[in-house]
Amino acid sequence: MSVFYPTVLLCLYGFFSNLRPFEPFLTYFLLGPDKNLTETQVVNEIYPIWTYSYLVLLFPIFLATDFLCYKPVLILQATSLVVTYAMLAFSQGMLAMQLVEFFFGLATASEVAYYSYIYSVVEPAHYQRVTGYCRSVTLFGSAAGSLAGQLLLSLARVPLLHLTIFTLSSASVAFVVPWFLPIPKRSLFFHRSPGAEEKGLREEGRSQMEKAEDSESSMPLNSTDVLTASVAVEAGTCRSRLAEVLWILLENFLQSYRCRPLLAWSLWWALATCGYFQVINYAQPLWEKVRPSQDYDIYNGYVETLATLI
């Protein structure tokens, strides 16, 4: 498969899905007249929904990404972003904002599909180059969105609700892109070796079907019984495949973390990621406390642009 086509589409998706002019001003928007929520509601009852949604959904989304071969999960992520910003723009109340955080947690957990898709459609020789393209374009989209939002707010005096509409438009463009991506023929766990593995499963299913037919050979042919046997064989195959994948994950986990440097690196990476999420989740409420947006001009967009670029 050509490297150019999926890489360009994935980069377009990464750019538009991260082009969010509204995001640096979320707390300002929720506390302002548009949503009229209190600081306690935002910090204690709304923002934690994203954290726990992301935590709960991460592992199931990881398995679903591999089982569904990436593309459907990319579409799910794009859909979640559209729902997130549509609800931010057009819904009211704390429950609606909590649902917004849930859908944003779903979108965040689904990022694993974006960062792993490209490795299933290009050869290992191109991994480093396409990784650089895909990761840099997301950072560029994020920085461009934050800068655009700040300029629109500070210079053009665009209302925050309009920034929400701009972000929703960007998410809508991102929603279109994944539909044109090719579906990978392999994945890390569920679709590791399509040829021999599928052949073996077909043979196993055929032999079980033949046994079922032999046991019913003395009776008139009943299509319902044959269909039931076929469904039972497929269900058993799926269950055994899931158990095999979970066993492979456990073996890889045990084998990987016997290596002390890798264990130390993973722990530091996990702590750094958790710290980063805490900072980005609660930086805006802190800025709001130090320099209230009702009394001062705010420059969250400039700060997030520099933080992304640095």
# chains A, B, ... in the order shown; residues from 1 in each chain; ligands from 1
>>> residues_around(residues="region 280-294 of chain A", least_positions_apart="2", cutoff="8 Å", atoms="only C-alpha atoms", output="number ranges by chain")
A: 24-28, 39, 43, 47, 276-278, 296-298, 300
>>> write_last_selection(atoms="C-alpha atoms", output="PDB file, in the first residue's frame")
ATOM      1  CA  PRO A  24      -8.162  27.621  26.078  1.00  0.00           C
ATOM      2  CA  PHE A  25     -11.287  29.460  27.220  1.00  0.00           C
ATOM      3  CA  LEU A  26     -13.447  26.582  28.431  1.00  0.00           C
ATOM      4  CA  THR A  27     -13.479  27.617  32.101  1.00  0.00           C
ATOM      5  CA  TYR A  28     -14.146  31.248  31.158  1.00  0.00           C
ATOM      6  CA  GLU A  39     -16.582  27.523  40.200  1.00  0.00           C
ATOM      7  CA  VAL A  43     -14.021  22.137  39.345  1.00  0.00           C
ATOM      8  CA  TYR A  47     -14.060  18.395  35.186  1.00  0.00           C
ATOM      9  CA  TYR A 276       0.332  16.733  32.623  1.00  0.00           C
ATOM     10  CA  PHE A 277      -3.369  15.883  32.554  1.00  0.00           C
ATOM     11  CA  GLN A 278      -3.833  17.360  36.015  1.00  0.00           C
ATOM     12  CA  TYR A 296      -9.129  41.381  33.265  1.00  0.00           C
ATOM     13  CA  ASP A 297      -8.252  40.496  29.712  1.00  0.00           C
ATOM     14  CA  ILE A 298      -7.103  36.899  29.542  1.00  0.00           C
ATOM     15  CA  ASN A 300      -4.879  31.713  27.819  1.00  0.00           C
TER      16      ASN A 300
END
>>> residues_around(residues="Ser80 (chain A)", least_positions_apart="3", cutoff="8 Å", atoms="only C-alpha atoms", output="number ranges by chain")
A: 76-77, 83-84, 103-104, 106-107
>>> atom_distance(atom1="CA of Gly301 (chain A)", atom2="CA of Phe175 (chain A)")
24.3 Å
>>> residues_around(residues="region 159-166 of chain A", least_positions_apart="5", cutoff="9 Å", atoms="only C-alpha atoms", output="PDB file with N, CA, C and O atoms, in the first residue's frame")
ATOM      1  N   ARG A  20      -8.661  23.658  17.788  1.00  0.00           N
ATOM      2  CA  ARG A  20      -9.754  23.961  18.719  1.00  0.00           C
ATOM      3  C   ARG A  20      -9.565  25.358  19.290  1.00  0.00           C
ATOM      4  O   ARG A  20      -9.031  25.527  20.392  1.00  0.00           O
ATOM      5  N   PRO A  21     -10.008  26.394  18.589  1.00  0.00           N
ATOM      6  CA  PRO A  21      -9.828  27.773  19.084  1.00  0.00           C
ATOM      7  C   PRO A  21     -10.521  28.024  20.420  1.00  0.00           C
ATOM      8  O   PRO A  21     -10.132  28.921  21.167  1.00  0.00           O
ATOM      9  N   PHE A  22     -11.523  27.240  20.717  1.00  0.00           N
ATOM     10  CA  PHE A  22     -12.311  27.465  21.924  1.00  0.00           C
ATOM     11  C   PHE A  22     -11.654  26.903  23.192  1.00  0.00           C
ATOM     12  O   PHE A  22     -11.872  27.407  24.292  1.00  0.00           O
ATOM     13  N   GLU A  23     -10.830  25.883  23.060  1.00  0.00           N
ATOM     14  CA  GLU A  23     -10.391  25.094  24.212  1.00  0.00           C
ATOM     15  C   GLU A  23      -9.672  25.904  25.307  1.00  0.00           C
ATOM     16  O   GLU A  23      -9.883  25.641  26.499  1.00  0.00           O
ATOM     17  N   PHE A  25     -10.349  28.581  26.518  1.00  0.00           N
ATOM     18  CA  PHE A  25     -11.287  29.460  27.220  1.00  0.00           C
ATOM     19  C   PHE A  25     -12.493  28.697  27.761  1.00  0.00           C
ATOM     20  O   PHE A  25     -13.549  29.286  27.998  1.00  0.00           O
ATOM     21  N   LEU A  26     -12.323  27.402  27.978  1.00  0.00           N
ATOM     22  CA  LEU A  26     -13.447  26.582  28.431  1.00  0.00           C
ATOM     23  C   LEU A  26     -13.958  27.031  29.803  1.00  0.00           C
ATOM     24  O   LEU A  26     -15.174  27.202  30.000  1.00  0.00           O
ATOM     25  N   TYR A  28     -13.565  29.908  31.328  1.00  0.00           N
ATOM     26  CA  TYR A  28     -14.146  31.248  31.158  1.00  0.00           C
ATOM     27  C   TYR A  28     -15.568  31.134  30.603  1.00  0.00           C
ATOM     28  O   TYR A  28     -16.489  31.831  31.053  1.00  0.00           O
ATOM     29  N   PHE A  29     -15.770  30.240  29.659  1.00  0.00           N
ATOM     30  CA  PHE A  29     -17.084  30.060  29.031  1.00  0.00           C
ATOM     31  C   PHE A  29     -18.088  29.468  30.017  1.00  0.00           C
ATOM     32  O   PHE A  29     -19.236  29.911  30.098  1.00  0.00           O
ATOM     33  N   ASP A  34     -22.883  32.623  29.454  1.00  0.00           N
ATOM     34  CA  ASP A  34     -23.420  31.630  28.518  1.00  0.00           C
ATOM     35  C   ASP A  34     -23.914  30.384  29.239  1.00  0.00           C
ATOM     36  O   ASP A  34     -24.962  29.828  28.892  1.00  0.00           O
ATOM     37  N   TYR A  85     -18.600  19.381  21.115  1.00  0.00           N
ATOM     38  CA  TYR A  85     -18.686  20.817  20.861  1.00  0.00           C
ATOM     39  C   TYR A  85     -20.089  21.243  20.457  1.00  0.00           C
ATOM     40  O   TYR A  85     -20.470  22.403  20.676  1.00  0.00           O
ATOM     41  N   ALA A  86     -20.888  20.337  19.915  1.00  0.00           N
ATOM     42  CA  ALA A  86     -22.296  20.662  19.653  1.00  0.00           C
ATOM     43  C   ALA A  86     -23.043  20.863  20.969  1.00  0.00           C
ATOM     44  O   ALA A  86     -23.841  21.796  21.113  1.00  0.00           O
ATOM     45  N   LEU A  88     -21.648  21.696  23.849  1.00  0.00           N
ATOM     46  CA  LEU A  88     -21.129  22.911  24.468  1.00  0.00           C
ATOM     47  C   LEU A  88     -21.812  24.150  23.900  1.00  0.00           C
ATOM     48  O   LEU A  88     -22.093  25.116  24.626  1.00  0.00           O
ATOM     49  N   ALA A  89     -22.089  24.120  22.614  1.00  0.00           N
ATOM     50  CA  ALA A  89     -22.673  25.293  21.966  1.00  0.00           C
ATOM     51  C   ALA A  89     -24.168  25.426  22.231  1.00  0.00           C
ATOM     52  O   ALA A  89     -24.670  26.539  22.422  1.00  0.00           O
ATOM     53  N   GLY A 149      -7.734  31.274  18.411  1.00  0.00           N
ATOM     54  CA  GLY A 149      -8.750  31.631  19.392  1.00  0.00           C
ATOM     55  C   GLY A 149      -8.395  32.894  20.154  1.00  0.00           C
ATOM     56  O   GLY A 149      -9.258  33.762  20.384  1.00  0.00           O
ATOM     57  N   LEU A 152      -8.768  35.958  17.796  1.00  0.00           N
ATOM     58  CA  LEU A 152     -10.176  36.265  17.557  1.00  0.00           C
ATOM     59  C   LEU A 152     -10.817  36.911  18.784  1.00  0.00           C
ATOM     60  O   LEU A 152     -11.640  37.823  18.664  1.00  0.00           O
ATOM     61  N   LEU A 153     -10.433  36.449  19.968  1.00  0.00           N
ATOM     62  CA  LEU A 153     -11.019  36.990  21.194  1.00  0.00           C
ATOM     63  C   LEU A 153     -10.467  38.369  21.531  1.00  0.00           C
ATOM     64  O   LEU A 153     -11.215  39.284  21.894  1.00  0.00           O
ATOM     65  N   ALA A 171     -14.120  20.260  13.964  1.00  0.00           N
ATOM     66  CA  ALA A 171     -14.389  18.866  14.304  1.00  0.00           C
ATOM     67  C   ALA A 171     -15.238  18.188  13.237  1.00  0.00           C
ATOM     68  O   ALA A 171     -15.078  16.993  12.966  1.00  0.00           O
TER      69      ALA A 171
END
>>> atom_distance(atom1="CA of Gly132 (chain A)", atom2="CA of Val56 (chain A)")
29.1 Å
>>> residues_around(residues="Glu123 (chain A)", least_positions_apart="3", cutoff="10 Å", atoms="only C-alpha atoms", output="number ranges by chain")
A: 1-3, 118-120, 126-127
>>> closest_residue(among="A:Val112, A:Ala264, A:Thr167, A:Leu68", to="Met87 (chain A)", atoms="only C-alpha atoms")
A:Thr167
>>> closest_residue(among="A:Tyr257, A:Trp50, A:Tyr70, A:Trp268", to="Gly105 (chain A)", atoms="only C-alpha atoms")
A:Trp50
>>> closest_residue(among="A:Ser110, A:Thr308, A:Ser136, A:Ser240", to="Phe62 (chain A)", atoms="only C-alpha atoms")
A:Ser110
>>> atom_distance(atom1="CA of Val122 (chain A)", atom2="CA of Val176 (chain A)")
22.0 Å
>>> select_by_dssp(residues="region 23-69 of chain A", states="helix (DSSP H, G or I)", output="PyMOL selection string")
chain A and resi 23-31+39-67
>>> residues_around(residues="Val137 (chain A)", least_positions_apart="4", cutoff="8 Å", atoms="only C-alpha atoms", output="list in words")
Cys11, Gly14, Phe15, Tyr133 and Gly141 of chain A
>>> write_last_selection(atoms="C-alpha atoms", output="mmCIF file, in the first residue's frame")
data_model
loop_
_atom_site.group_PDB
_atom_site.id
_atom_site.type_symbol
_atom_site.label_atom_id
_atom_site.label_comp_id
_atom_site.auth_asym_id
_atom_site.auth_seq_id
_atom_site.Cartn_x
_atom_site.Cartn_y
_atom_site.Cartn_z
ATOM 1 C CA CYS A 11 -2.389 14.219 9.008
ATOM 2 C CA GLY A 14 -4.927 15.088 13.170
ATOM 3 C CA PHE A 15 -4.776 18.764 12.233
ATOM 4 C CA TYR A 133 4.450 13.681 10.406
ATOM 5 C CA GLY A 141 -3.064 22.047 14.883
#
>>> closest_residue(among="A:Gln41, A:Thr51, A:Ser172, A:Gln150", to="Thr79 (chain A)", atoms="only C-alpha atoms")
A:Ser172
>>> closest_residue(among="A:Phe140, A:Trp247, A:Phe4, A:Tyr114", to="Cys69 (chain A)", atoms="only C-alpha atoms")
A:Tyr114
>>> closest_residue(among="A:Leu19, A:Leu188, A:Leu31, A:Cys274", to="Ser142 (chain A)", atoms="only C-alpha atoms")
A:Leu19
